[in-house]
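As structure tokens, the structure follows; a few thoughts come after it.
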Amino acid sequence: MGAERSPWERAVEFHGHSCPGLAIGCRVAEIAMRRLREARSADEELVAVVENDACGVDAVMLLTGCTLGKGNLIYRDLGKQVYTFGSRNGGRALRIAVKSTGPPDPEVAALRQKVSDKTAGPAEQAKFQLLQSRRIEEILHMPEEDFCTVREVDFHFPSKARLFPSVECSRCGEKVMEPRARMREGAIVCLDCFDDYSRGW
């Protein structure tokens, strides 16, 4: 029987590749769960609010058990490496803001562009992977105070996820959950088929 995989190895498998962004999510999840004294959320014991849709969110979902499907992952499109975790069991919440590491390294940026454009040669690809690996190790092992700021915050826990009946859209025929349905010319429609009325105020 093989050794149990580390949280990092599980996150890489789930995400599909290793990268510094994924390492950020792993580190954030570890800090939150340790400080809140929580285990992986089987239901909605933990709630996570993520303020970006970057790679790290996959690690947060996998390691904390906060997911869109369970209703305990809330996405706010703010473009910030900031994560808030609330524990229903403990009645506490933490806001974790990842610190900047200074201006981007021009060499890494240039290599990343070449790798992305598929113009990097084998030596350049190897160098980029080496620099990425070093950065990942740095993120995973740097002192917590260098990685982020953590503060306890007041947190309004969202109501737990509810199940709603589905209704059929009169235009496209697809099912839509009742609270997301609208009325158009006296018939039920989904949001895709609903023409919102606005006078532009």
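Each chain of the structure tokens is named A, B, ... in the order shown, its residues numbered from 1; ligands are numbered from 1 in display order.
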
Residue neighbourhood stretch 84-99 of chain A, 7 Å, only C-alpha atoms, exclusion window fewer than 2 positions, as a VMD selection string: chain A and resid 32 36 45 to 50 81 to 82 101 147 to 155

Got a sec: who's within 12 Å of A:Ala126, counting only C-alpha atoms, leaving out chain neighbours fewer than 6 positions off, as a PyMOL selection string? chain A and resi 111-112+115+120+132-133

Test item, strand (DSSP E or B) assignment across stretch 83-144 of chain A, answer as a count of residues only: 12

Would you mind writing down, as a compact mmCIF listing (two decimals) with N, CA, C and O atoms, in the first residue's frame, each residue of stretch 108-173 of chain A that DSSP on the backbone assigns to alpha helix (DSSP H)?
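Below is the file part.txt, written as the result:
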```
# COMPACT_ATOMS: atom_id res chain seq x y z
N VAL A 108 11.09 36.00 -15.51
CA VAL A 108 10.00 35.03 -15.40
C VAL A 108 8.85 35.42 -16.31
O VAL A 108 8.26 34.58 -17.00
N ALA A 109 8.52 36.72 -16.35
CA ALA A 109 7.43 37.19 -17.20
C ALA A 109 7.71 36.91 -18.67
O ALA A 109 6.83 36.47 -19.42
N ALA A 110 8.96 37.14 -19.09
CA ALA A 110 9.32 36.91 -20.49
C ALA A 110 9.26 35.42 -20.83
O ALA A 110 8.76 35.02 -21.90
N LEU A 111 9.76 34.58 -19.91
CA LEU A 111 9.70 33.14 -20.14
C LEU A 111 8.27 32.64 -20.17
O LEU A 111 7.91 31.79 -20.99
N ARG A 112 7.43 33.16 -19.24
CA ARG A 112 6.03 32.76 -19.21
C ARG A 112 5.35 33.07 -20.54
O ARG A 112 4.58 32.26 -21.07
N GLN A 113 5.64 34.24 -21.09
CA GLN A 113 5.04 34.63 -22.37
C GLN A 113 5.48 33.68 -23.48
O GLN A 113 4.67 33.25 -24.31
N LYS A 114 6.76 33.35 -23.50
CA LYS A 114 7.26 32.44 -24.53
C LYS A 114 6.64 31.04 -24.40
O LYS A 114 6.28 30.41 -25.39
N VAL A 115 6.53 30.57 -23.15
CA VAL A 115 5.92 29.25 -22.93
C VAL A 115 4.45 29.29 -23.37
O VAL A 115 3.97 28.37 -24.05
N SER A 116 3.77 30.37 -23.02
CA SER A 116 2.35 30.52 -23.39
C SER A 116 2.18 30.58 -24.91
O SER A 116 1.24 30.01 -25.46
N ASP A 117 3.09 31.29 -25.57
CA ASP A 117 3.02 31.43 -27.04
C ASP A 117 3.57 30.22 -27.78
O ASP A 117 3.56 30.19 -29.01
N PRO A 122 13.52 24.17 -25.67
CA PRO A 122 13.62 23.23 -24.55
C PRO A 122 14.35 23.80 -23.33
O PRO A 122 13.92 23.59 -22.20
N ALA A 123 15.44 24.53 -23.55
CA ALA A 123 16.19 25.09 -22.43
C ALA A 123 15.37 26.15 -21.70
O ALA A 123 15.39 26.23 -20.47
N GLU A 124 14.64 26.96 -22.47
CA GLU A 124 13.80 28.00 -21.86
C GLU A 124 12.64 27.38 -21.08
O GLU A 124 12.29 27.85 -20.00
N GLN A 125 12.05 26.33 -21.64
CA GLN A 125 10.96 25.64 -20.93
C GLN A 125 11.47 25.05 -19.62
O GLN A 125 10.79 25.16 -18.59
N ALA A 126 12.64 24.44 -19.66
CA ALA A 126 13.21 23.84 -18.45
C ALA A 126 13.52 24.91 -17.40
O ALA A 126 13.26 24.71 -16.21
N LYS A 127 14.03 26.04 -17.85
CA LYS A 127 14.35 27.11 -16.91
C LYS A 127 13.08 27.67 -16.29
O LYS A 127 13.02 27.95 -15.08
N PHE A 128 12.03 27.83 -17.11
CA PHE A 128 10.75 28.33 -16.58
C PHE A 128 10.19 27.37 -15.54
O PHE A 128 9.74 27.80 -14.47
N GLN A 129 10.23 26.08 -15.82
CA GLN A 129 9.71 25.10 -14.87
C GLN A 129 10.53 25.12 -13.57
O GLN A 129 9.96 24.99 -12.48
N LEU A 130 11.84 25.30 -13.68
CA LEU A 130 12.68 25.38 -12.48
C LEU A 130 12.31 26.60 -11.64
O LEU A 130 12.16 26.50 -10.41
N LEU A 131 12.13 27.75 -12.29
CA LEU A 131 11.76 28.97 -11.56
C LEU A 131 10.38 28.83 -10.94
O LEU A 131 10.15 29.28 -9.81
N GLN A 132 9.45 28.20 -11.65
CA GLN A 132 8.11 27.96 -11.11
C GLN A 132 8.18 27.04 -9.88
O GLN A 132 7.51 27.29 -8.88
N SER A 133 8.97 26.00 -9.98
CA SER A 133 9.10 25.06 -8.86
C SER A 133 9.68 25.74 -7.63
O SER A 133 9.24 25.50 -6.50
N ARG A 134 10.66 26.61 -7.85
CA ARG A 134 11.24 27.34 -6.72
C ARG A 134 10.21 28.24 -6.07
O ARG A 134 10.15 28.36 -4.84
N ARG A 135 9.42 28.91 -6.90
CA ARG A 135 8.39 29.81 -6.36
C ARG A 135 7.33 29.03 -5.59
O ARG A 135 6.87 29.46 -4.53
N ILE A 136 6.95 27.88 -6.09
CA ILE A 136 5.98 27.03 -5.40
C ILE A 136 6.50 26.63 -4.03
O ILE A 136 5.79 26.73 -3.02
N GLU A 137 7.74 26.18 -3.98
CA GLU A 137 8.35 25.79 -2.70
C GLU A 137 8.40 26.97 -1.74
O GLU A 137 8.14 26.82 -0.53
N GLU A 138 8.71 28.14 -2.26
CA GLU A 138 8.76 29.34 -1.43
C GLU A 138 7.38 29.62 -0.82
O GLU A 138 7.26 29.87 0.39
N ILE A 139 6.34 29.57 -1.64
CA ILE A 139 4.98 29.85 -1.16
C ILE A 139 4.56 28.83 -0.11
O ILE A 139 3.98 29.17 0.93
N LEU A 140 4.83 27.56 -0.36
CA LEU A 140 4.39 26.49 0.54
C LEU A 140 5.12 26.49 1.88
O LEU A 140 4.58 25.99 2.86
N HIS A 141 6.33 27.08 1.93
CA HIS A 141 7.13 26.96 3.14
C HIS A 141 7.55 28.27 3.78
O HIS A 141 8.18 28.25 4.84
N GLU A 144 4.37 32.25 7.75
CA GLU A 144 3.01 32.73 7.52
C GLU A 144 2.94 34.26 7.46
O GLU A 144 2.23 34.82 6.62
N GLU A 145 3.69 34.94 8.32
CA GLU A 145 3.63 36.41 8.36
C GLU A 145 4.20 37.04 7.10
O GLU A 145 3.87 38.17 6.76
N ASP A 146 5.05 36.31 6.38
CA ASP A 146 5.57 36.81 5.10
C ASP A 146 4.59 36.53 3.95
O ASP A 146 4.60 37.24 2.94
N PHE A 147 3.79 35.49 4.13
CA PHE A 147 2.87 35.07 3.07
C PHE A 147 1.58 35.88 3.04
O PHE A 147 1.07 36.23 1.98
```

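In terms of minimum interatomic distance to A:Leu163, A:Pro179 ranks closest within A:Pro7, A:Gly121, A:Pro179, A:Pro103, counting only C-alpha atoms.
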
What lies within 10 Å of stretch 52-59 of chain A using only C-alpha atoms, ignoring chain neighbours under 2 positions off, as a VMD selection string? chain A and resid 7 to 8 10 to 12 14 to 15 17 to 30 48 to 50 61 to 67 73 75 to 83

Write the residues of the selection above to a file with N, CA and C atoms, as a compact mmCIF listing (two decimals), in the first residue's frame.
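Everything below was put into again26.txt:
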```txt
# COMPACT_ATOMS: atom_id res chain seq x y z
N PRO A 7 -1.55 16.96 0.79
CA PRO A 7 -2.55 17.89 0.26
C PRO A 7 -2.10 18.53 -1.04
N TRP A 8 -0.82 18.87 -1.15
CA TRP A 8 -0.31 19.48 -2.38
C TRP A 8 -0.43 18.52 -3.57
N ARG A 10 -2.51 16.05 -3.94
CA ARG A 10 -3.93 15.90 -4.27
C ARG A 10 -4.44 17.12 -5.04
N ALA A 11 -3.99 18.30 -4.64
CA ALA A 11 -4.42 19.53 -5.32
C ALA A 11 -3.90 19.57 -6.75
N VAL A 12 -2.66 19.16 -6.96
CA VAL A 12 -2.08 19.14 -8.31
C VAL A 12 -2.87 18.18 -9.20
N PHE A 14 -5.98 17.25 -8.87
CA PHE A 14 -7.31 17.81 -9.11
C PHE A 14 -7.27 18.95 -10.12
N HIS A 15 -6.29 19.83 -9.97
CA HIS A 15 -6.18 21.02 -10.82
C HIS A 15 -5.64 20.70 -12.21
N HIS A 17 -2.25 20.59 -13.04
CA HIS A 17 -0.83 20.96 -13.13
C HIS A 17 -0.44 21.69 -11.86
N SER A 18 0.86 21.82 -11.65
CA SER A 18 1.35 22.58 -10.50
C SER A 18 1.69 23.99 -10.94
N CYS A 19 1.40 24.97 -10.10
CA CYS A 19 1.71 26.36 -10.41
C CYS A 19 1.68 27.16 -9.11
N PRO A 20 2.31 28.33 -9.10
CA PRO A 20 2.30 29.14 -7.89
C PRO A 20 0.90 29.51 -7.41
N GLY A 21 -0.02 29.75 -8.33
CA GLY A 21 -1.39 30.09 -7.93
C GLY A 21 -2.04 28.98 -7.13
N LEU A 22 -1.82 27.74 -7.55
CA LEU A 22 -2.37 26.60 -6.81
C LEU A 22 -1.74 26.51 -5.43
N ALA A 23 -0.44 26.81 -5.35
CA ALA A 23 0.24 26.80 -4.05
C ALA A 23 -0.35 27.84 -3.11
N ILE A 24 -0.74 28.99 -3.64
CA ILE A 24 -1.38 30.02 -2.82
C ILE A 24 -2.67 29.46 -2.21
N GLY A 25 -3.48 28.80 -3.03
CA GLY A 25 -4.73 28.23 -2.52
C GLY A 25 -4.50 27.17 -1.47
N CYS A 26 -3.48 26.33 -1.66
CA CYS A 26 -3.14 25.30 -0.67
C CYS A 26 -2.77 25.94 0.65
N ARG A 27 -1.94 26.95 0.58
CA ARG A 27 -1.46 27.59 1.79
C ARG A 27 -2.61 28.28 2.52
N VAL A 28 -3.44 28.98 1.77
CA VAL A 28 -4.59 29.68 2.37
C VAL A 28 -5.52 28.68 3.06
N ALA A 29 -5.82 27.58 2.38
CA ALA A 29 -6.71 26.57 2.96
C ALA A 29 -6.12 25.99 4.24
N GLU A 30 -4.83 25.70 4.23
CA GLU A 30 -4.16 25.13 5.42
C GLU A 30 -4.23 26.10 6.60
N ALA A 48 -16.61 29.54 2.49
CA ALA A 48 -15.48 30.28 1.93
C ALA A 48 -15.98 31.34 0.97
N VAL A 49 -15.45 32.53 1.10
CA VAL A 49 -15.71 33.60 0.13
C VAL A 49 -14.38 33.87 -0.57
N VAL A 50 -14.35 33.63 -1.88
CA VAL A 50 -13.13 33.84 -2.66
C VAL A 50 -13.32 35.07 -3.53
N MET A 61 -11.25 24.64 -2.78
CA MET A 61 -12.41 23.74 -2.87
C MET A 61 -12.05 22.33 -2.43
N LEU A 62 -10.96 21.81 -2.99
CA LEU A 62 -10.58 20.43 -2.70
C LEU A 62 -10.25 20.22 -1.23
N LEU A 63 -9.47 21.13 -0.66
CA LEU A 63 -8.94 20.91 0.68
C LEU A 63 -9.90 21.31 1.80
N THR A 64 -10.75 22.31 1.56
CA THR A 64 -11.69 22.74 2.61
C THR A 64 -13.05 22.10 2.48
N GLY A 65 -13.38 21.60 1.29
CA GLY A 65 -14.72 21.06 1.07
C GLY A 65 -15.76 22.14 0.81
N CYS A 66 -15.32 23.36 0.57
CA CYS A 66 -16.25 24.45 0.21
C CYS A 66 -16.40 24.47 -1.30
N THR A 67 -17.60 24.20 -1.78
CA THR A 67 -17.82 24.09 -3.23
C THR A 67 -19.08 24.84 -3.64
N LEU A 73 -19.37 27.84 -1.11
CA LEU A 73 -18.31 28.62 -1.76
C LEU A 73 -18.99 29.79 -2.45
N TYR A 75 -18.35 33.22 -4.68
CA TYR A 75 -17.38 33.89 -5.54
C TYR A 75 -17.73 35.35 -5.69
N ARG A 76 -16.78 36.21 -5.34
CA ARG A 76 -16.91 37.64 -5.56
C ARG A 76 -15.85 38.06 -6.57
N ASP A 77 -16.27 38.63 -7.69
CA ASP A 77 -15.37 38.94 -8.79
C ASP A 77 -14.66 40.27 -8.54
N LEU A 78 -13.68 40.24 -7.62
CA LEU A 78 -12.97 41.46 -7.24
C LEU A 78 -11.51 41.45 -7.67
N GLY A 79 -11.02 40.32 -8.18
CA GLY A 79 -9.65 40.25 -8.65
C GLY A 79 -8.61 40.39 -7.56
N LYS A 80 -8.92 39.95 -6.35
CA LYS A 80 -8.00 40.08 -5.21
C LYS A 80 -7.66 38.71 -4.66
N GLN A 81 -6.41 38.56 -4.25
CA GLN A 81 -5.99 37.31 -3.60
C GLN A 81 -6.36 37.41 -2.12
N VAL A 82 -7.67 37.43 -1.89
CA VAL A 82 -8.22 37.55 -0.54
C VAL A 82 -9.28 36.48 -0.37
N TYR A 83 -9.28 35.84 0.78
CA TYR A 83 -10.17 34.71 1.06
C TYR A 83 -10.71 34.86 2.47
```

Atom-to-atom span, atom CA of A:Arg182 and atom CA of A:Phe194, Å: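 One can read the atom CA of A:Arg182 to atom CA of A:Phe194 distance as 6.8 Å.
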
If we count only C-alpha atoms, what is near stretch 174-176 of chain A at a cut-off of 9 Å, once residues fewer than 4 positions away on the same chain are taken out, given as a VMD selection string? chain A and resid 165 to 170 180 to 181 189 to 191

I need the residue nearest A:Ala42 from this list: A:Val60, A:Thr119, A:Lys70, A:Glu13. Use only C-alpha atoms for the distance.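 Checking each candidate against A:Ala42, we get A:Lys70 as the closest.
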
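Using only C-alpha atoms for every distance, the candidate list A:Glu44, A:Leu68, A:Glu51, A:Pro104 yields A:Glu44 as the residue closest to A:Phe157.
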